[in-house]
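Q: Shown below is the structure under consideration.
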Amino acid sequence: MNSLSLLKRASRYFDDYPSLAKLVVVCTISGGGYVAYADANGTGGSPPVLEEIKKKKVVVLGTGWAGTSFLKKLDNPSYDVQVISPRNYFAFTPLLPSVTCGTVEARSIVEPIRSIVRKKSIDVKYWEAECFKIDAENKKVHCRPNPDSSQNGKEEFVVDYDYLVIAMGGCPNTFNTPGVVENCNFLKEVEDAQQIRQSVINSFEKASLPTLSDEERKRILHFVIVGGGPTGSGVCCRAS
């Protein structure tokens with residue numbers, strides 16, 4: 001009886017106040033819609049969380065022709081690139097003979113590696129260090145910083161990689177010529193060109209001293225060039 005009388009009272013209120021019935025209907029529909037949205041989007045209606053995509057690590061050893069060319073052509077943002085080299089610049093080696101002869105300044109044939117990677121749209125980091133061990137099984141490279149950039153040059157560190165680019169160049173070829181390693185200055189780096197230039201200048205200055213005989217002066221001004229590649233032939237041509 002109590003339930004029946006409650007329904008009659010509610011019916012009477014809805015008849016007396018029609019707007020109340022509309023309000024109840026709107027609230028019911030809105031509540032059901034919210035529950036349906038919450039069920040479709042997970043608990044609490046919170047937005048879905050996107051999983052972070054892990055980038056592949058690419059380690060480049062060396063900043064010579066091969067390493068720099070690789071960096072210039074790499075434009076995939078899905079890679080995390082790390083460059084490791086004891087030389088923080090790229091050198092245009094065909095002009096090393098011109099640096100030796102003084103026709104070109106050394107700063108004109110080098111480009112800082114950070115200036116090259118700064119132009120890229122991908123994340124590239126550079127560390128001035130040398131790699132002394134490669135652990136291919138665990139995909140790790142063991143490095144140590146240059147003595148000039150650390151207190152004692154022994155702060156070794158390990159870098160993980162997914163892809164490894166080995167572009168450290170090679171050693172000068174002596175063609176098994178006796179005495180080359182012991183007595184010659186190799187022309188491979190900018191520092192080599194500057195050292196050869198200073199050695200030649202010192203030889204000319206020494207040969208100009210008045211206390212020397214003609215035979216001693218001829219011996220001091222005698223130069224030998226080993227090799228006829230891009231650097232050797234260039235020096236030979238300039239010297240003649």
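Residues in the structure tokens are numbered from 1 in each chain, the chains being A, B, ... in the order shown, and ligands are numbered from 1 in the order shown.
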Run DSSP on the backbone and grab whatever in region 50-113 of chain A lands in strand (DSSP E or B); send it over as a ChimeraX atom specification.
A: /A:56-61,79-85,89-91,110-112
Q: Just N, CA and C atoms for this one: save the residues we selected as a PDB file, in the first residue's frame.
A:
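Done, and the output landed in out-v6.pdb:
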ATOM      1  N   LYS A  56      66.321   3.170 -31.996  1.00  0.00           N
ATOM      2  CA  LYS A  56      67.496   2.343 -32.191  1.00  0.00           C
ATOM      3  C   LYS A  56      68.749   3.211 -32.035  1.00  0.00           C
ATOM      4  N   LYS A  57      69.765   2.683 -31.364  1.00  0.00           N
ATOM      5  CA  LYS A  57      71.000   3.413 -31.132  1.00  0.00           C
ATOM      6  C   LYS A  57      72.013   3.096 -32.235  1.00  0.00           C
ATOM      7  N   VAL A  58      72.482   4.146 -32.884  1.00  0.00           N
ATOM      8  CA  VAL A  58      73.494   4.012 -33.930  1.00  0.00           C
ATOM      9  C   VAL A  58      74.761   4.711 -33.442  1.00  0.00           C
ATOM     10  N   VAL A  59      75.867   3.979 -33.366  1.00  0.00           N
ATOM     11  CA  VAL A  59      77.151   4.528 -32.945  1.00  0.00           C
ATOM     12  C   VAL A  59      78.076   4.596 -34.158  1.00  0.00           C
ATOM     13  N   VAL A  60      78.624   5.784 -34.401  1.00  0.00           N
ATOM     14  CA  VAL A  60      79.532   6.010 -35.523  1.00  0.00           C
ATOM     15  C   VAL A  60      80.926   6.275 -34.963  1.00  0.00           C
ATOM     16  N   LEU A  61      81.889   5.456 -35.346  1.00  0.00           N
ATOM     17  CA  LEU A  61      83.268   5.619 -34.916  1.00  0.00           C
ATOM     18  C   LEU A  61      84.056   6.280 -36.038  1.00  0.00           C
ATOM     19  N   TYR A  79      66.235   7.010 -35.199  1.00  0.00           N
ATOM     20  CA  TYR A  79      67.533   6.567 -34.708  1.00  0.00           C
ATOM     21  C   TYR A  79      68.114   7.587 -33.731  1.00  0.00           C
ATOM     22  N   ASP A  80      68.765   7.074 -32.703  1.00  0.00           N
ATOM     23  CA  ASP A  80      69.524   7.890 -31.754  1.00  0.00           C
ATOM     24  C   ASP A  80      70.995   7.712 -32.101  1.00  0.00           C
ATOM     25  N   VAL A  81      71.616   8.754 -32.661  1.00  0.00           N
ATOM     26  CA  VAL A  81      72.956   8.651 -33.229  1.00  0.00           C
ATOM     27  C   VAL A  81      73.976   9.232 -32.254  1.00  0.00           C
ATOM     28  N   GLN A  82      75.071   8.502 -32.057  1.00  0.00           N
ATOM     29  CA  GLN A  82      76.179   8.941 -31.216  1.00  0.00           C
ATOM     30  C   GLN A  82      77.474   8.800 -31.998  1.00  0.00           C
ATOM     31  N   VAL A  83      78.219   9.888 -32.119  1.00  0.00           N
ATOM     32  CA  VAL A  83      79.475   9.921 -32.865  1.00  0.00           C
ATOM     33  C   VAL A  83      80.628   9.954 -31.872  1.00  0.00           C
ATOM     34  N   ILE A  84      81.578   9.058 -32.042  1.00  0.00           N
ATOM     35  CA  ILE A  84      82.745   8.978 -31.166  1.00  0.00           C
ATOM     36  C   ILE A  84      83.996   9.048 -32.023  1.00  0.00           C
ATOM     37  N   SER A  85      84.837  10.037 -31.747  1.00  0.00           N
ATOM     38  CA  SER A  85      86.067  10.205 -32.520  1.00  0.00           C
ATOM     39  C   SER A  85      87.022  11.101 -31.744  1.00  0.00           C
ATOM     40  N   TYR A  89      86.472  17.258 -35.889  1.00  0.00           N
ATOM     41  CA  TYR A  89      86.257  17.975 -37.143  1.00  0.00           C
ATOM     42  C   TYR A  89      86.455  17.029 -38.316  1.00  0.00           C
ATOM     43  N   PHE A  90      85.942  17.456 -39.465  1.00  0.00           N
ATOM     44  CA  PHE A  90      86.176  16.747 -40.725  1.00  0.00           C
ATOM     45  C   PHE A  90      87.206  17.527 -41.520  1.00  0.00           C
ATOM     46  N   ALA A  91      88.219  16.822 -42.039  1.00  0.00           N
ATOM     47  CA  ALA A  91      89.295  17.464 -42.799  1.00  0.00           C
ATOM     48  C   ALA A  91      89.217  17.066 -44.266  1.00  0.00           C
ATOM     49  N   VAL A 110      88.953  22.465 -42.798  1.00  0.00           N
ATOM     50  CA  VAL A 110      88.311  21.685 -41.750  1.00  0.00           C
ATOM     51  C   VAL A 110      86.921  22.250 -41.483  1.00  0.00           C
ATOM     52  N   GLU A 111      86.024  21.378 -41.044  1.00  0.00           N
ATOM     53  CA  GLU A 111      84.671  21.757 -40.648  1.00  0.00           C
ATOM     54  C   GLU A 111      84.334  21.037 -39.351  1.00  0.00           C
ATOM     55  N   PRO A 112      83.988  21.766 -38.300  1.00  0.00           N
ATOM     56  CA  PRO A 112      83.663  21.106 -37.027  1.00  0.00           C
ATOM     57  C   PRO A 112      82.517  20.125 -37.191  1.00  0.00           C
TER      58      PRO A 112
END
Q: Find the residues around region 63-69 of chain A up to 6 Å (only C-alpha atoms counted), leave out those fewer than 2 positions away in its own chain, and share them as a list in words.
A: Leu71, Lys72, Phe90 and Ala167 of chain A
Q: What is the distance between CA of Lys139 (chain A) and CA of Ile113 (chain A), in Å to one decimal?
A: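 Here the two named atoms are 24.6 Å from each other.
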Q: With distances taken over only C-alpha atoms, which residue among A:Cys184, A:Val141, A:Cys131, A:Ile196 lies nearest Met168 (chain A)?
A: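 Distance minimum relative to Met168 (chain A) lands on A:Cys131.
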Q: Pick out the residues sitting within 12 Å of Lys133 (chain A), and hand them over as a list of chain:residue names; count only C-alpha atoms, and ignore anything fewer than 6 positions along from it in its own chain.
A: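 The residues satisfying every condition are A:Leu61, A:Lys139, A:Lys140, A:Val141, A:His142, A:Cys143, A:Arg144, A:Glu156, A:Phe157, A:Val158, A:Val159, A:Ile166.
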Q: Within 12 Å of Arg219 (chain A), counting only C-alpha atoms, which residues qualify if same-chain residues fewer than 3 places away don't, as a PyMOL selection string?
A: chain A and resi 203-204+206-207+212-216+222-224
Q: Compare A:Asn138, A:Gln194, A:Asn76, A:Asn176 by their minimum atom-to-atom distance to Ser98 (chain A), counting only C-alpha atoms, and give me the closest one.
A: A:Gln194
Q: When distances are computed from only C-alpha atoms, which of A:Phe132, A:Gly228, A:Trp127, A:Asn202 shows the smallest separation from Phe175 (chain A)?
A: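 Using only C-alpha atoms, Phe175 (chain A) sits closest to A:Gly228.
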Q: If you count only C-alpha atoms, which residues fall within 12 Å of Ala193 (chain A), apart from same-chain ones fewer than 2 positions away, as a PyMOL selection string?
A: chain A and resi 91+93-106+109+185-191+195-200+231-232+234-235
Q: Using Å and a single decimal, report how far CA of Lys54 (chain A) sits from CA of Asp75 (chain A).
A: 17.0 Å
